[in-house]
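Okay, structure first, notes after.
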Amino acid sequence: MKRHLISAGDLSRDDALLILDTAEELARVSERSIKKLPTLRGRTVVNLFFEDSTRTRISFEAAAKRLSADVINFSAKGSSVSKGESLKDTALTLEAMGADAVVIRHAASGAPHRLATWVRGSVVNAGDGTHEHPTQALLDAFSMRRRLGRLEGLKVAIVGDVLHSRVARSNVLLLGTLGAEVTLVAPPTLLPVAVETWPCQVSYDLDAVLPKSDVVMMLRVQLERMNAAYFPSAREYSRRYGLDRARFGRLHDDAIVMHPGPMNRGMEISAEVADSPRSTITEQVANGVTVRMAVLYLLLGGSEPAIGTSAADPAVQTVPGGEL
Amino acid sequence: MSDARNQARAVLEGPDIHRALTRIAHEILERTKGAESVVLLGIPTRGATLARRLAERIAQFEGVKVPVGAIDITMYRDDLRLRPARPLGRTELPAEGVDGRTVVLVDDVLFSGRTVRAALDALNDVGRPRAVQLATLVDRGHRELPIRADYVGKNLPTAKAEKVKVYLQETDGRDAVLLIKEDAR
Amino acid sequence: MSTTILITGARILGGGPRDILVRDGVVAEVGDLAGTAAGQTVEAGGLIALPGLVDLHTHLREPGREDAETVETGTQAAARGGYTAVHAMANTSPVADTAGVVEQVWRLGQEYGHCDVQPVGAVTSGLEGRQLAELGAMADSAARVRVFSDDGRCVSDAVLMRRALEYVKAFDGVVAQHAQEPRLTEGAQLNEGEVSARLGLTGWPAVAEEAIIARDCLLAAHVGSRLHVCHVSTAGSVEIIRWAKSKGWDVTAEVTPHHLLLTDSCAERSPLGPYNPIYKVNPPLRTAEDVRALREALADGTIDCVATDHAPHPVEDKETEWAAAAMGMIGLETALSVVQEAMVDTGLLDWAGVADRMSARPATIGRLPGHGRPIEPGAPANITLYDPSVRLPVDPSSMASRSRNTPYEGMALPGRVVATFLRGRPTVLEGKLV
């Protein structure tokens with residue numbers, strides 16, 4: 001059976017906890033001098049990156065190598081992809097190379113789903129367009145649980161460009177599954193239509209949300225959004241939605257600050273907040289490797305994966321005649 | 001057990017297990033000259049429980065506090081691809097570490113020897129013991145690798161198709177070793 | 001010597017069994033004609049007889065994209081779907097914006113003879129939205145163009161739209177608007193709503209369609225012109241058109257079969273997996289609420305007709321990630337079945353209603369006097385025989401279209417076109433091309 005990790009929404013509570021618990025055990029391995037495990041010897045993991053993301057690629061590469069998998073890095077730049085080869089042709093090439101797993105980063109939402117219909121191996125979504133980034137959400141949840149000891153009932157504020165954020169989508173789904181209470185905070189222009197149907201709260205007012213939050217996750221805001229009139233200026237955005245020292249002071253004493261990186265210091269987060277001991281930003285990076293090891297192990301470490309979904313078989317969604 | 005087609009026979013009851021562990025504890029003390037520089041490492045889940053029991057007995061008999069821990073071998077198994085990916089057990093190394101020490105690996109059942117092979121590999125990645133010994137509650141034979149136990153609670157002749165199941169108070173609510181014959185279907 | 005065909009036992013518009021005698025391309029007699037001698041007899045017991053269907057909105061792709069469709073394959077598909085006339089959209093390469101191109105397309109249709117091809121002329125040169133194409137020259141050409149459209153693109157410039165509406169009055173033309181406000185739909189991928197938000201696909205808001213329709217209705221009223229609205233897809237658009245019609249304004253509208261049956265949730269959940277671009281289309285699939293409103297509007301006549309927006313694409317333009325895929329789906333060969341499923345089997349429309357919405361009204365809007373006429377003596381014998389009693393899974397590989405991008409693959413749909421007659425000549429018999 002074909003299994004993948006494409007959406008955080010595909011993970012049941014048990015799946016998600018199994019990944020976090022497995023990562024917890026693997027974190028101990030990362031602490032010892034020999035960090036390598038023989039588990040995925042003979043397995044091939046392809047990192048298929050159509051978008052530049054050095055940190056995510058390196059994280060997956062380290063995870064696969066620590067499990068002794070063979071790693072093939074396939075980046076779109078300088079490859080046949082930039083000469084117009086389609087995603088499907090690339091997929092068939094990888095298939096011919098015998099990839100057991102393909103880690104894909106792509107600018108188009110849904111590219112991993114499409115890839116999964118063309119390859120036999122497991123597909124791991126390393127970020128697709130403005131859709132999802134499930135391993136980021138897993139490492140965020142892992143970091144929260146390590147710092148705060150629990151996820152159930154935790155109050156998490158996710159602040160910034162939710163509309164274009166795959167990190168926000170995956171976090172809302174995963175944290176909801178794990179029992180945390182998420183509040184999205186953004187100017188109305190940066191929230192998706194129908195966000196009220198998501199399993200979370202929504203607010204336009206960061207100052208009202210901060211004092212009640214156990215975790216504040218700041219999202220990167222891209223300056224080009226300003227030109228598309230999502231907000232008037234960087235200064236105004238920063239004033240209304242940036243996490244500066246004054247706002248940081250309004251958090252309760254145990255609250256932590258997270259950021260998926262890369263940061264715009266001075267824009268959505270001030271340098272002193274980013275560097276404070278209550279910021280998890282650097283440990284998020286280390287936890288990323290551990291969590292991705294757990295995901296690769298659970299997908300590839302047996303005769304069949306222990307997590308994820310199989311290809312579903314629903315009917316075409318038509319409006320049945322009887323409904324009228 | 002729940003399967004009516006299976007016949008389960010208790011080959012060791014609680015007191016038998018108690019006696020076996022007591023004997024192994026004595027043998028370890030004897031063979032290692034008072035358990036000096038010994039580290040007990042159990043293979044999760046039940047091997048780790050047995051290691052703790054052995055450490056308690058050694059402490060009882062000689063007042064020696066033997067470092068005890070657990071070493072998970074899941075990631076080192078050679079049969080990973082034969083079964084779905086499984087959850088990991090816990091690895092807990094004592095603060096003293098294993099370098100230069102006599103490590104006694106503890107497992108509940110010794111069968112093919114493959115688990116012990118994996119444990120030796122895992123041990124290799126966490127340090128360099130002076131010597132490695134093996135203790136097992138039950139040796140049921142059918143070795144597939146050149147491995148033998150230094151301390152055995154009970155040698156139990158079995159057919160290859162039979163199953164040996166160890167229950168311990170801490171994880172299963174009772175102490176027993178069952179021999180399960182599966183009916184031919 | 002005259003050619004005669006006797007069609008026996010057909011249920012005209014779903015009524016009782018009648019025989020139809022066709023002589024020299026014209027319906028000669030209708031009634032109980034047992035014993036009448038004829039050159040050819042077609043058994044039509046149990047079959048519905050409809051006037052040959054007329055499509056106001058077909059992309060034949062020739063010239064320019066013959067890898068996707070040609071006039072020959074596209075008209076074969078049309079005949080298989082029960083059509084006797086199709087309006088060929090102007091967004092070819094070169095664009096059908098001159099008398100030369102429209103005459104070429106029209107002639108190809110005449111040569112192949114599977115169904116009449118009525119070219120649609122571009123509103124603006126090169127579909128560029130800057131300057132009017134030579135509308136009069138196209139109207140005066142052999143192709144007799146009456147419908148003008150930049151379909152695929154919206155005539156978004158209000159002044160240009162006003163001028164086009166005014167100008168075509170001189171030859172009883174109509175501007176068929178592709179209503180899509182361009183700024184509101186930059187990079188748009190899927191109906192803006194719950195599904196697009198979850199899938200992270202750039203939203204395509206209903207208001208981008210509705211705002212243009214409202215503006216165009218007001219413009220048409222202001223200059224006293226005819227306006228036709230292509231592929232209406234939202235409940236809001238229906239409300240605006242209903243309002244415009246209530247004012248007595250000369251506004252007509254079409255809906256596609258796929259907007260009567262499918263919703264945006266197809267992009268999220270289908271047997272073909274999520275994000276399958278087979279469901280990517282312009283305008284996008286909308287919500288179940290919109291589908292309900294469109295069905296009601298087609299039933300009560302607010303929407304005048306069904307038009308396929310048959311849009312063939314080669315496989316490589318659909319086997320991609322969603323954002324990279326071409327927009328559109330083929331529809332000629334499934335249109336009648338989808339209308340039966342969505343409108344007839346639901347009790348919203350009877351077969352007379354189907355004939356009106358798929359033949360008579362589109363022929364009137366397109367000014368095709370030889371089509372859409374009732375099956376009665378003296379009318380050109382454009383007739384479709386349809387068996388509504390079967391239900392078959394849709395098999396793309398059996399289609400006549402050169403492309404395979406049907407969203408109904410594997411779905412069981414009702415009905416089957418058994419025969420099509422173009423001016424008395426069978427183009428399809430026993431479900432097969434003649």
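The way I read the labels, and the way they are meant: chains A, B, ... in the order of the structure tokens, residue 1 as the first residue of every chain, and ligand 1 as the first ligand shown, with later ones counted on from there.
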### Message
Taking only C-alpha atoms into account, find every residue of chain A that has an atom no more than 7 Å from chain B, and write it out as a PyMOL selection string.
### Response
chain A and resi 22+25+34+37-39+298+301-306
### Task
Enumerate the residues of segment 31-280 of chain A with a DSSP assignment of alpha helix (DSSP H), computed from the backbone, and present them as a PyMOL selection string.
chain A and resi 31+54-66+87-96+111-116+134-148+166-177+206-209+224-227+234-241+245-248+271-274
### Task
With a cut-off of 7 Å and counting only C-alpha atoms, select all residues of chain C in contact with chain A and give the selection as a list in words.
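Interface list for chain C against chain A: Glu192, Gly193, Glu194, Ala197, Leu199, Gly200, Leu201, Leu261, Leu262, Thr263, Ser265, Cys266, Arg269, Ser270, Pro271, Pro274, Tyr275, Ala288, Arg292, Thr320, Glu321, Trp322, Ala323, Ala342 and Thr346 of chain C.
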Residues from the last selection, N, CA and C atoms, saved as an mmCIF file, in the first residue's frame:
data_model
loop_
_atom_site.group_PDB
_atom_site.id
_atom_site.type_symbol
_atom_site.label_atom_id
_atom_site.label_comp_id
_atom_site.auth_asym_id
_atom_site.auth_seq_id
_atom_site.Cartn_x
_atom_site.Cartn_y
_atom_site.Cartn_z
ATOM 1 N N GLU C 192 -13.085 30.921 -5.142
ATOM 2 C CA GLU C 192 -12.651 31.365 -3.826
ATOM 3 C C GLU C 192 -13.679 30.969 -2.778
ATOM 4 N N GLY C 193 -13.269 30.132 -1.867
ATOM 5 C CA GLY C 193 -14.178 29.629 -0.855
ATOM 6 C C GLY C 193 -13.448 28.670 0.061
ATOM 7 N N GLU C 194 -14.222 27.841 0.742
ATOM 8 C CA GLU C 194 -13.628 26.912 1.703
ATOM 9 C C GLU C 194 -12.582 26.013 1.055
ATOM 10 N N ALA C 197 -9.347 27.794 0.017
ATOM 11 C CA ALA C 197 -8.578 28.177 1.205
ATOM 12 C C ALA C 197 -7.843 26.975 1.785
ATOM 13 N N LEU C 199 -7.011 24.205 0.159
ATOM 14 C CA LEU C 199 -6.023 23.664 -0.780
ATOM 15 C C LEU C 199 -4.879 24.642 -1.035
ATOM 16 N N GLY C 200 -5.014 25.877 -0.557
ATOM 17 C CA GLY C 200 -3.956 26.847 -0.810
ATOM 18 C C GLY C 200 -3.872 27.228 -2.274
ATOM 19 N N LEU C 201 -4.999 27.205 -2.959
ATOM 20 C CA LEU C 201 -5.035 27.634 -4.357
ATOM 21 C C LEU C 201 -5.616 29.042 -4.410
ATOM 22 N N LEU C 261 -23.394 20.269 -12.816
ATOM 23 C CA LEU C 261 -23.229 18.967 -12.153
ATOM 24 C C LEU C 261 -22.076 18.923 -11.143
ATOM 25 N N LEU C 262 -20.978 19.593 -11.445
ATOM 26 C CA LEU C 262 -19.778 19.430 -10.621
ATOM 27 C C LEU C 262 -19.571 20.649 -9.717
ATOM 28 N N THR C 263 -18.865 20.434 -8.620
ATOM 29 C CA THR C 263 -18.563 21.544 -7.708
ATOM 30 C C THR C 263 -17.059 21.633 -7.458
ATOM 31 N N SER C 265 -15.517 21.084 -4.935
ATOM 32 C CA SER C 265 -14.975 20.023 -4.077
ATOM 33 C C SER C 265 -14.334 18.902 -4.893
ATOM 34 N N CYS C 266 -14.622 18.851 -6.203
ATOM 35 C CA CYS C 266 -13.937 17.870 -7.069
ATOM 36 C C CYS C 266 -12.418 18.046 -6.992
ATOM 37 N N ARG C 269 -11.639 16.236 -3.536
ATOM 38 C CA ARG C 269 -11.972 14.820 -3.364
ATOM 39 C C ARG C 269 -12.512 14.264 -4.667
ATOM 40 N N SER C 270 -11.754 13.391 -5.271
ATOM 41 C CA SER C 270 -12.245 12.679 -6.441
ATOM 42 C C SER C 270 -11.483 11.376 -6.530
ATOM 43 N N PRO C 271 -11.999 10.409 -7.292
ATOM 44 C CA PRO C 271 -11.270 9.139 -7.425
ATOM 45 C C PRO C 271 -9.916 9.350 -8.090
ATOM 46 N N PRO C 274 -6.653 14.358 -5.192
ATOM 47 C CA PRO C 274 -6.829 15.809 -5.083
ATOM 48 C C PRO C 274 -5.967 16.560 -6.087
ATOM 49 N N TYR C 275 -6.360 17.773 -6.374
ATOM 50 C CA TYR C 275 -5.599 18.660 -7.266
ATOM 51 C C TYR C 275 -5.514 18.116 -8.692
ATOM 52 N N ALA C 288 -22.045 23.919 -4.302
ATOM 53 C CA ALA C 288 -23.334 23.245 -4.488
ATOM 54 C C ALA C 288 -24.479 24.267 -4.517
ATOM 55 N N ARG C 292 -27.206 24.644 -7.569
ATOM 56 C CA ARG C 292 -28.668 24.664 -7.389
ATOM 57 C C ARG C 292 -29.277 25.888 -8.068
ATOM 58 N N THR C 320 -0.186 17.654 -15.106
ATOM 59 C CA THR C 320 0.775 18.572 -14.507
ATOM 60 C C THR C 320 0.285 18.906 -13.112
ATOM 61 N N GLU C 321 1.048 19.768 -12.430
ATOM 62 C CA GLU C 321 0.537 20.321 -11.191
ATOM 63 C C GLU C 321 -0.606 21.273 -11.539
ATOM 64 N N TRP C 322 -1.504 21.527 -10.586
ATOM 65 C CA TRP C 322 -2.731 22.281 -10.856
ATOM 66 C C TRP C 322 -2.439 23.640 -11.500
ATOM 67 N N ALA C 323 -1.519 24.386 -10.892
ATOM 68 C CA ALA C 323 -1.310 25.764 -11.341
ATOM 69 C C ALA C 323 -0.777 25.820 -12.776
ATOM 70 N N ALA C 342 -28.835 16.237 -14.614
ATOM 71 C CA ALA C 342 -28.996 17.401 -13.735
ATOM 72 C C ALA C 342 -30.390 18.007 -13.819
ATOM 73 N N THR C 346 -34.128 15.057 -12.555
ATOM 74 C CA THR C 346 -34.491 15.751 -11.312
ATOM 75 C C THR C 346 -35.869 16.400 -11.412
#
### Message
So that I can check the secondary structure, give me every residue of segment 135-215 of chain A assigned strand (DSSP E) by backbone DSSP, as a list in words.
### Response
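Everything in segment 135-215 of chain A that counts as strand (DSSP E) is Lys155, Val156, Ala157, Ile158, Val159, Glu181, Val182, Thr183, Leu184, Val185, Gln201, Val202, Ser203 and Val215 of chain A.
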Keeping only C-alpha atoms, write the selected residues to a file as an mmCIF file, in the first residue's frame.
data_model
loop_
_atom_site.group_PDB
_atom_site.id
_atom_site.type_symbol
_atom_site.label_atom_id
_atom_site.label_comp_id
_atom_site.auth_asym_id
_atom_site.auth_seq_id
_atom_site.Cartn_x
_atom_site.Cartn_y
_atom_site.Cartn_z
ATOM 1 C CA LYS A 155 -3.037 28.213 23.593
ATOM 2 C CA VAL A 156 -1.123 28.940 20.401
ATOM 3 C CA ALA A 157 -1.262 32.228 18.505
ATOM 4 C CA ILE A 158 -0.123 32.082 14.870
ATOM 5 C CA VAL A 159 0.567 35.609 13.702
ATOM 6 C CA GLU A 181 -6.228 25.790 20.832
ATOM 7 C CA VAL A 182 -5.022 27.860 17.901
ATOM 8 C CA THR A 183 -5.806 31.514 17.279
ATOM 9 C CA LEU A 184 -4.825 33.004 13.941
ATOM 10 C CA VAL A 185 -3.896 36.678 14.156
ATOM 11 C CA GLN A 201 -10.126 31.074 16.419
ATOM 12 C CA VAL A 202 -9.394 34.210 14.421
ATOM 13 C CA SER A 203 -8.458 37.687 15.617
ATOM 14 C CA VAL A 215 2.976 30.005 22.353
#
### Message
Would you pick out the contacts of Ala299 of chain C at 7 Å or less, using only C-alpha atoms, so that residues sharing its chain but fewer than 2 positions from it are not included, and give the list as a VMD selection string?
### Response
chain C and resid 295 to 297 301 348 to 349
### Task
Grab the atom CA of Gly82 of chain C to atom CA of Asp387 of chain C distance for me, in Å with one decimal place.
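Value for the atom CA of Gly82 of chain C-atom CA of Asp387 of chain C distance: 11.3 Å.
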